[in-house]
>>> print(open('input.txt').read())   # compact mmCIF, C-alpha atoms
# COMPACT_ATOMS: atom_id res chain seq x y z
CA MET A 23 70.41 277.92 30.80
CA PRO A 24 73.11 275.39 31.61
CA ASP A 25 76.32 275.59 29.76
CA PRO A 26 76.47 272.80 27.01
CA ARG A 27 80.21 272.61 27.43
CA ARG A 28 79.80 271.63 31.09
CA LEU A 29 77.33 268.82 30.22
CA THR A 30 79.73 267.43 27.61
CA ARG A 31 82.59 267.55 30.13
CA ARG A 32 80.53 265.71 32.79
CA VAL A 33 79.54 262.90 30.40
CA ALA A 34 83.12 262.50 29.19
CA GLU A 35 84.51 262.42 32.73
CA SER A 36 81.93 259.87 34.06
CA GLN A 37 82.36 256.01 33.82
CA LEU A 38 79.15 255.45 31.81
CA PRO A 39 80.81 255.24 28.38
CA THR A 40 83.35 252.74 29.68
CA ARG A 41 80.66 250.43 31.15
CA LEU A 42 78.52 250.67 28.04
CA ILE A 43 81.41 249.70 25.79
CA ALA A 44 82.32 246.75 28.03
CA HIS A 45 78.75 245.35 28.03
CA VAL A 46 78.44 245.67 24.26
CA SER A 47 81.76 243.86 23.79
CA VAL A 48 80.70 240.95 26.04
CA LEU A 49 77.38 240.52 24.22
CA ALA A 50 79.15 240.55 20.87
CA LEU A 51 81.59 237.83 22.00
CA VAL A 52 78.77 235.62 23.33
CA ALA A 53 76.80 235.95 20.10
CA ALA A 54 79.85 235.10 18.01
CA ALA A 55 80.58 232.01 20.12
CA VAL A 56 76.99 230.76 19.82
CA LEU A 57 76.96 231.19 16.05
CA ALA A 58 80.32 229.48 15.70
CA GLY A 59 79.19 226.52 17.81
CA ILE A 60 76.01 226.04 15.83
CA GLY A 61 77.82 226.20 12.53
CA HIS A 62 80.89 224.11 13.39
CA ALA A 63 79.43 221.38 15.64
CA SER A 64 76.38 220.40 13.61
CA GLY A 65 75.75 216.66 13.10
CA THR A 66 73.21 214.81 11.03
CA GLN A 67 71.90 211.26 11.10
CA THR A 68 71.14 209.41 7.91
CA ALA A 69 69.66 205.99 7.44
CA THR A 70 71.34 203.46 5.19
CA SER A 71 70.23 200.06 4.06
CA GLY A 72 71.01 197.58 6.81
CA GLY A 73 72.34 200.17 9.32
CA VAL A 74 72.45 203.73 10.60
CA ALA A 75 75.15 206.26 9.63
CA PHE A 76 76.10 209.19 11.85
CA ILE A 77 77.83 212.14 10.13
CA GLN A 78 79.80 214.46 12.37
CA SER A 79 81.90 217.53 11.67
CA VAL A 80 85.25 217.45 13.42
CA ARG A 81 87.95 220.09 13.42
CA GLY A 82 91.33 219.96 15.09
CA ALA A 83 93.30 222.91 16.37
CA GLY A 84 94.38 224.99 13.40
CA GLU A 85 92.91 222.48 10.88
CA PRO A 86 90.06 222.77 8.40
CA PHE A 87 86.73 221.08 9.11
CA VAL A 88 86.61 217.35 8.30
CA SER A 89 83.39 215.32 7.99
CA ARG A 90 83.59 211.74 9.23
CA THR A 91 80.88 209.11 8.73
CA THR A 92 80.40 206.09 11.00
CA THR A 93 77.93 203.35 10.05
CA TYR A 94 76.54 200.89 12.64
CA ASP A 95 75.02 197.69 11.26
CA ILE A 96 72.03 196.72 13.43
CA GLY A 97 70.09 194.72 10.89
CA GLN A 98 71.74 191.33 11.44
CA ALA A 99 72.07 189.19 14.59
CA THR A 100 75.43 188.00 15.82
CA PRO A 101 76.08 184.27 16.24
CA PHE A 102 75.56 184.66 20.00
CA ASP A 103 72.15 186.21 19.42
CA GLU A 104 71.21 183.36 17.11
CA GLN A 105 72.01 180.89 19.88
CA ILE A 106 69.86 182.54 22.51
CA LEU A 107 66.87 183.36 20.27
CA LEU A 108 64.26 180.59 20.55
CA ASP A 109 61.38 179.89 18.25
CA ARG A 110 58.47 179.74 20.69
CA ALA A 111 56.08 178.64 17.92
CA ALA A 112 58.06 175.50 17.10
CA HIS A 113 56.54 172.11 17.96
CA ALA A 114 58.05 169.94 20.68
CA GLN A 115 60.26 167.10 19.50
CA VAL A 116 60.85 163.74 21.13
CA PRO A 117 64.57 163.08 21.83
CA THR A 118 66.06 160.53 19.46
CA SER A 119 68.09 158.82 22.23
CA GLN A 120 67.14 158.02 25.82
CA ALA A 121 69.18 156.76 28.78
CA PRO A 122 68.43 153.14 29.70
CA LEU A 123 65.94 152.66 32.52
CA PRO A 124 67.23 151.04 35.75
CA THR A 125 66.54 147.36 36.18
CA PRO A 126 63.99 146.76 38.98
CA LEU A 127 65.07 144.56 41.88
CA ALA A 128 63.39 141.26 42.48
CA ILE A 129 61.04 141.09 45.49
CA ASP A 130 61.30 138.13 47.85
CA PRO A 131 57.70 137.05 48.65
CA ASP A 132 58.89 135.32 51.85
CA ALA A 133 60.65 138.40 53.27
CA THR A 134 59.20 140.01 56.39
CA PRO A 135 57.94 143.51 55.59
CA LEU A 136 59.49 146.40 57.49
CA PRO A 137 57.22 148.28 59.89
CA GLY A 138 55.79 151.55 58.67
CA PRO A 139 56.24 154.88 60.43
CA GLU A 140 53.09 154.37 62.49
CA ASP A 141 53.91 150.72 63.29
CA ALA A 142 57.55 151.20 64.35
CA LYS A 143 56.69 151.63 68.02
CA PRO A 144 53.52 152.22 70.01
CA ALA A 145 52.65 155.74 71.01
CA ILE A 146 52.78 156.92 74.59
CA GLY A 147 50.22 154.98 76.60
CA GLN A 148 49.65 152.49 73.77
CA THR A 149 50.67 148.84 73.78
CA ALA A 150 51.58 146.87 70.68
CA GLY A 151 48.46 145.80 68.80
CA SER A 152 46.13 148.20 70.61
CA THR A 153 44.21 150.98 68.94
CA THR A 154 44.51 153.53 71.73
CA SER A 155 46.02 156.75 70.35
CA ARG A 156 46.31 158.76 73.57
CA ALA A 157 47.78 158.04 76.97
CA PRO A 158 45.26 157.57 79.77
CA ALA A 159 44.65 160.61 81.93
CA PRO A 160 46.70 160.52 85.16
CA GLY A 161 44.78 159.76 88.31
CA PRO A 162 45.17 161.53 91.63
CA ALA A 163 48.59 161.48 93.28
CA PRO A 164 48.97 159.12 96.27
CA THR A 165 47.90 160.79 99.47
CA THR A 166 50.33 158.94 101.74
CA LEU A 167 54.10 158.47 101.43
CA LEU A 168 56.36 156.42 103.64
CA TRP A 169 58.87 158.21 105.82
CA PRO A 170 62.02 158.04 103.60
CA VAL A 171 64.52 157.73 106.50
CA PRO A 172 63.34 155.43 109.29
CA GLY A 173 64.52 156.94 112.57
CA GLY A 174 65.55 160.23 110.92
CA SER A 175 64.55 163.68 112.18
CA ILE A 176 63.73 166.91 110.37
CA SER A 177 66.66 169.33 110.27
CA GLN A 178 65.05 171.91 107.95
CA TYR A 179 61.44 172.38 106.95
CA TYR A 180 59.90 173.28 103.61
CA HIS A 181 59.68 177.04 102.97
CA ALA A 182 59.96 179.59 100.15
CA GLY A 183 63.76 179.48 100.10
CA HIS A 184 64.00 175.70 100.63
CA LEU A 185 61.58 173.69 98.50
CA ALA A 186 62.24 170.36 100.21
CA LEU A 187 62.37 168.60 103.57
CA ASP A 188 65.78 167.86 105.11
CA ILE A 189 65.83 164.67 107.17
CA ALA A 190 69.03 164.07 109.16
CA ALA A 191 70.37 160.69 110.26
CA PRO A 192 73.76 159.07 110.93
CA TYR A 193 76.03 158.65 107.92
CA GLY A 194 75.10 155.52 105.92
CA THR A 195 71.56 155.15 107.29
CA THR A 196 69.25 153.41 104.80
CA ILE A 197 66.98 155.56 102.64
CA ILE A 198 63.80 153.84 101.36
CA ALA A 199 61.47 154.55 98.46
CA ALA A 200 58.52 156.53 99.75
CA GLN A 201 56.21 154.74 97.30
CA ALA A 202 56.49 152.11 94.58
CA GLY A 203 57.60 153.39 91.22
CA VAL A 204 60.26 153.42 88.50
CA VAL A 205 63.72 154.94 88.99
CA THR A 206 64.07 157.63 86.30
CA SER A 207 67.63 158.72 87.22
CA ALA A 208 70.34 157.68 89.65
CA GLY A 209 73.76 159.30 89.74
CA TRP A 210 75.73 162.47 90.27
CA ARG A 211 74.26 165.92 89.65
CA ASN A 212 76.28 169.10 89.38
CA ASN A 213 73.50 171.29 90.81
CA GLY A 214 74.72 170.78 94.38
CA GLY A 215 72.66 167.67 95.01
CA GLY A 216 75.62 165.30 94.82
CA TYR A 217 74.43 161.69 94.40
CA VAL A 218 70.70 161.87 93.57
CA ILE A 219 67.93 159.33 92.97
CA GLN A 220 64.65 160.26 91.29
CA ILE A 221 61.61 157.94 91.30
CA ASP A 222 58.43 158.34 89.25
CA HIS A 223 55.49 156.93 91.22
CA GLY A 224 52.90 157.42 88.50
CA ASN A 225 49.74 159.49 88.74
CA GLY A 226 51.83 162.66 88.39
CA MET A 227 54.01 162.25 91.52
CA THR A 228 57.81 162.12 91.65
CA THR A 229 60.16 161.99 94.67
CA VAL A 230 63.81 163.08 94.65
CA TYR A 231 66.51 162.09 97.18
CA ASN A 232 69.68 164.29 97.34
CA HIS A 233 73.13 164.13 99.05
CA LEU A 234 73.33 160.31 99.18
CA SER A 235 76.56 158.58 100.18
CA SER A 236 75.75 155.50 98.06
CA ILE A 237 73.24 154.45 95.39
CA TRP A 238 71.74 150.95 95.37
CA VAL A 239 69.42 151.18 92.34
CA SER A 240 69.79 152.14 88.68
CA ALA A 241 67.73 154.07 86.14
CA GLY A 242 64.82 152.07 84.76
CA GLN A 243 64.58 149.77 87.80
CA VAL A 244 61.19 149.17 89.38
CA VAL A 245 61.21 149.57 93.16
CA GLY A 246 58.60 148.79 95.77
CA ALA A 247 57.40 150.96 98.62
CA GLY A 248 59.84 150.76 101.54
CA GLN A 249 62.66 149.24 99.45
CA GLY A 250 66.15 150.49 100.31
CA ILE A 251 67.59 152.64 97.52
CA GLY A 252 70.70 154.25 99.05
CA GLY A 253 72.48 155.55 102.12
CA ILE A 254 72.48 158.88 103.96
CA GLY A 255 75.47 161.05 103.05
CA CYS A 256 76.68 164.60 102.54
CA THR A 257 77.67 164.77 98.87
CA GLY A 258 77.30 167.95 96.85
CA THR A 259 76.55 171.16 98.73
CA CYS A 260 75.88 169.94 102.24
CA THR A 261 76.52 170.85 105.91
CA GLY A 262 75.93 167.44 107.49
CA PRO A 263 74.63 163.93 106.72
CA HIS A 264 70.98 164.17 105.67
CA VAL A 265 68.66 163.62 102.70
CA HIS A 266 67.17 166.55 100.83
CA PHE A 267 63.71 165.08 100.10
CA GLU A 268 61.60 166.66 97.33
CA VAL A 269 58.04 165.86 96.26
CA ILE A 270 56.93 166.96 92.77
CA VAL A 271 53.24 166.73 91.85
CA ASN A 272 52.27 167.34 88.21
CA GLY A 273 55.52 169.23 87.64
CA ILE A 274 55.19 171.48 90.73
CA ILE A 275 57.35 171.06 93.84
CA ASP A 276 55.09 170.63 96.85
CA ASN A 277 55.53 170.40 100.63
CA PRO A 278 56.43 166.76 101.46
CA LEU A 279 54.66 167.01 104.84
CA ARG A 280 51.34 167.07 103.01
CA TYR A 281 51.91 163.45 101.98
CA LEU A 282 53.95 161.94 104.85
>>> encode(input="input.txt", output="structure tokens")
Amino acid sequence: MPDPRRLTRRVAESQLPTRLIAHVSVLALVAAAVLAGIGHASGTQTATSGGVAFIQSVRGAGEPFVSRTTTYDIGQATPFDEQILLDRAAHAQVPTSQAPLPTPLAIDPDATPLPGPEDAKPAIGQTAGSTTSRAPAPGPAPTTLLWPVPGGSISQYYHAGHLALDIAAPYGTTIIAAQAGVVTSAGWRNNGGGYVIQIDHGNGMTTVYNHLSSIWVSAGQVVGAGQGIGGIGCTGTCTGPHVHFEVIVNGIIDNPLRYL
């Protein structure tokens, strides 16, 4: 049989009693703190006539417990609330005073009435007094154009990198309108064309004359076929006196030799 004195010595020398005592002490402190918190920090809410009262227990450091009561009155509206609360069941009332109405202006029966939005100007392709609402469909472009530089010779043909026909001639040689039409623009262009004239021949065809030394027509002027419009030059981006002649059909640049 084991010696009882040895068992007692082993239990006394081990750390088990110390750990057990420490755990019991911690649990006792936690329980005491919980009970103290429940007892000292309890608060109740009581209802009073016209408000709500909150009763709280408060204690300072080293002071006895003191009960304080705070009452909040929520039964009455403040003046601001009275202003914003509207009676939606109330009947509408007519204002007692109204601003004076403006005095209407007298109408002159002999005055000429102003044109309305639709009568201000005729639409495209419509003359005054007509009922046509759409412009007439363009007809086919003219199949033949006059040679724009009498006596001139081709210095560069139309190709993918040069969408025009260059016609060279001595400086100042007369350039003529290839067909009758209306000058849509005449003046300087910063795209390298220098002095440029553009003529709308109708039926979807337009001709353009670049690098002129002089301009003899103006925008809006009607010109006839073969009428002189300017002189050969080398304005803008140019290597010698010539005219850079373009033909535009229905908005697409085409080869001028198809129409000359």
>>> residues_near_point(input="input.txt", point="(61.1, 160.1, 103.8)", cutoff="8 Å", atoms="all atoms listed in the file", output="ChimeraX atom specification")
/A:167-172,189,197-200,267,282
>>> atom_distance(input="input.txt", atom1="atom CA of Asp222 of chain A", atom2="atom CA of Tyr193 of chain A")
25.7 Å
>>> residues_around(input="input.txt", residues="Leu234 of chain A", least_positions_apart="4", cutoff="6 Å", atoms="all atoms listed in the file", output="MDAnalysis selection string")
chainID A and resid 217 253:255
>>> atom_distance(input="input.txt", atom1="atom CA of Thr259 of chain A", atom2="atom CA of Gly273 of chain A")
23.9 Å
>>> atom_distance(input="input.txt", atom1="atom CA of Thr261 of chain A", atom2="atom CA of Gly203 of chain A")
29.6 Å
>>> build_atoms(input="input.txt", residues="segment 234-269 of chain A", atoms="N, CA and C atoms", output="short mmCIF file (atom, residue, chain, number, x, y, z; two decimals), in the frame of the given file")
data_model
loop_
_atom_site.label_atom_id
_atom_site.label_comp_id
_atom_site.auth_asym_id
_atom_site.auth_seq_id
_atom_site.Cartn_x
_atom_site.Cartn_y
_atom_site.Cartn_z
N LEU A 234 73.11 161.70 98.74
CA LEU A 234 73.33 160.31 99.18
C LEU A 234 74.82 159.97 99.21
N SER A 235 75.18 159.07 100.13
CA SER A 235 76.56 158.58 100.18
C SER A 235 76.76 157.39 99.25
N SER A 236 75.67 156.65 98.96
CA SER A 236 75.75 155.50 98.06
C SER A 236 74.41 155.32 97.37
N ILE A 237 74.44 154.70 96.18
CA ILE A 237 73.24 154.45 95.39
C ILE A 237 73.12 152.95 95.17
N TRP A 238 71.94 152.39 95.45
CA TRP A 238 71.74 150.95 95.37
C TRP A 238 70.82 150.54 94.21
N VAL A 239 70.32 151.47 93.46
CA VAL A 239 69.42 151.18 92.34
C VAL A 239 69.97 151.84 91.10
N SER A 240 69.36 151.55 89.96
CA SER A 240 69.79 152.14 88.68
C SER A 240 68.57 152.63 87.91
N ALA A 241 68.82 153.50 86.94
CA ALA A 241 67.73 154.07 86.14
C ALA A 241 66.98 152.97 85.40
N GLY A 242 65.67 153.05 85.41
CA GLY A 242 64.82 152.07 84.76
C GLY A 242 64.38 150.94 85.67
N GLN A 243 64.93 150.86 86.86
CA GLN A 243 64.58 149.77 87.80
C GLN A 243 63.26 150.08 88.49
N VAL A 244 62.45 149.05 88.65
CA VAL A 244 61.19 149.17 89.38
C VAL A 244 61.45 148.85 90.86
N VAL A 245 61.00 149.74 91.72
CA VAL A 245 61.21 149.57 93.16
C VAL A 245 59.86 149.53 93.85
N GLY A 246 59.82 148.86 94.99
CA GLY A 246 58.60 148.79 95.77
C GLY A 246 58.63 149.78 96.92
N ALA A 247 57.48 150.05 97.48
CA ALA A 247 57.40 150.96 98.62
C ALA A 247 58.17 150.39 99.81
N GLY A 248 59.05 151.19 100.39
CA GLY A 248 59.84 150.76 101.54
C GLY A 248 61.12 150.05 101.16
N GLN A 249 61.41 149.90 99.87
CA GLN A 249 62.66 149.24 99.45
C GLN A 249 63.84 150.18 99.62
N GLY A 250 64.97 149.66 100.15
CA GLY A 250 66.15 150.49 100.31
C GLY A 250 66.74 150.88 98.97
N ILE A 251 67.07 152.14 98.80
CA ILE A 251 67.59 152.64 97.52
C ILE A 251 68.97 153.26 97.66
N GLY A 252 69.40 153.62 98.87
CA GLY A 252 70.70 154.25 99.05
C GLY A 252 70.96 154.54 100.51
N GLY A 253 72.10 155.23 100.76
CA GLY A 253 72.48 155.55 102.12
C GLY A 253 72.61 157.04 102.34
N ILE A 254 72.34 157.48 103.56
CA ILE A 254 72.48 158.88 103.96
C ILE A 254 73.93 159.31 103.76
N GLY A 255 74.12 160.53 103.25
CA GLY A 255 75.47 161.05 103.05
C GLY A 255 75.48 162.56 103.11
N CYS A 256 76.53 163.14 102.56
CA CYS A 256 76.68 164.60 102.54
C CYS A 256 77.42 165.01 101.27
N THR A 257 77.01 164.43 100.14
CA THR A 257 77.67 164.77 98.87
C THR A 257 77.03 166.04 98.29
N GLY A 258 77.77 166.69 97.42
CA GLY A 258 77.30 167.95 96.85
C GLY A 258 77.46 169.08 97.83
N THR A 259 76.55 170.03 97.79
CA THR A 259 76.55 171.16 98.73
C THR A 259 75.79 170.75 99.98
N CYS A 260 76.50 170.55 101.06
CA CYS A 260 75.88 169.94 102.24
C CYS A 260 76.63 170.39 103.49
N THR A 261 75.91 170.46 104.63
CA THR A 261 76.52 170.85 105.91
C THR A 261 76.56 169.71 106.92
N GLY A 262 75.96 168.58 106.58
CA GLY A 262 75.93 167.44 107.49
C GLY A 262 75.17 166.30 106.85
N PRO A 263 75.33 165.07 107.34
CA PRO A 263 74.63 163.93 106.72
C PRO A 263 73.11 164.07 106.85
N HIS A 264 72.44 164.08 105.72
CA HIS A 264 70.98 164.17 105.67
C HIS A 264 70.54 163.87 104.24
N VAL A 265 69.23 163.76 104.03
CA VAL A 265 68.66 163.62 102.70
C VAL A 265 67.76 164.82 102.43
N HIS A 266 67.98 165.42 101.29
CA HIS A 266 67.17 166.55 100.83
C HIS A 266 66.03 165.94 100.03
N PHE A 267 64.83 165.83 100.64
CA PHE A 267 63.71 165.08 100.10
C PHE A 267 62.72 166.02 99.44
N GLU A 268 62.52 165.82 98.10
CA GLU A 268 61.60 166.66 97.33
C GLU A 268 60.42 165.83 96.86
N VAL A 269 59.25 166.47 96.80
CA VAL A 269 58.04 165.86 96.26
C VAL A 269 57.52 166.76 95.14
#
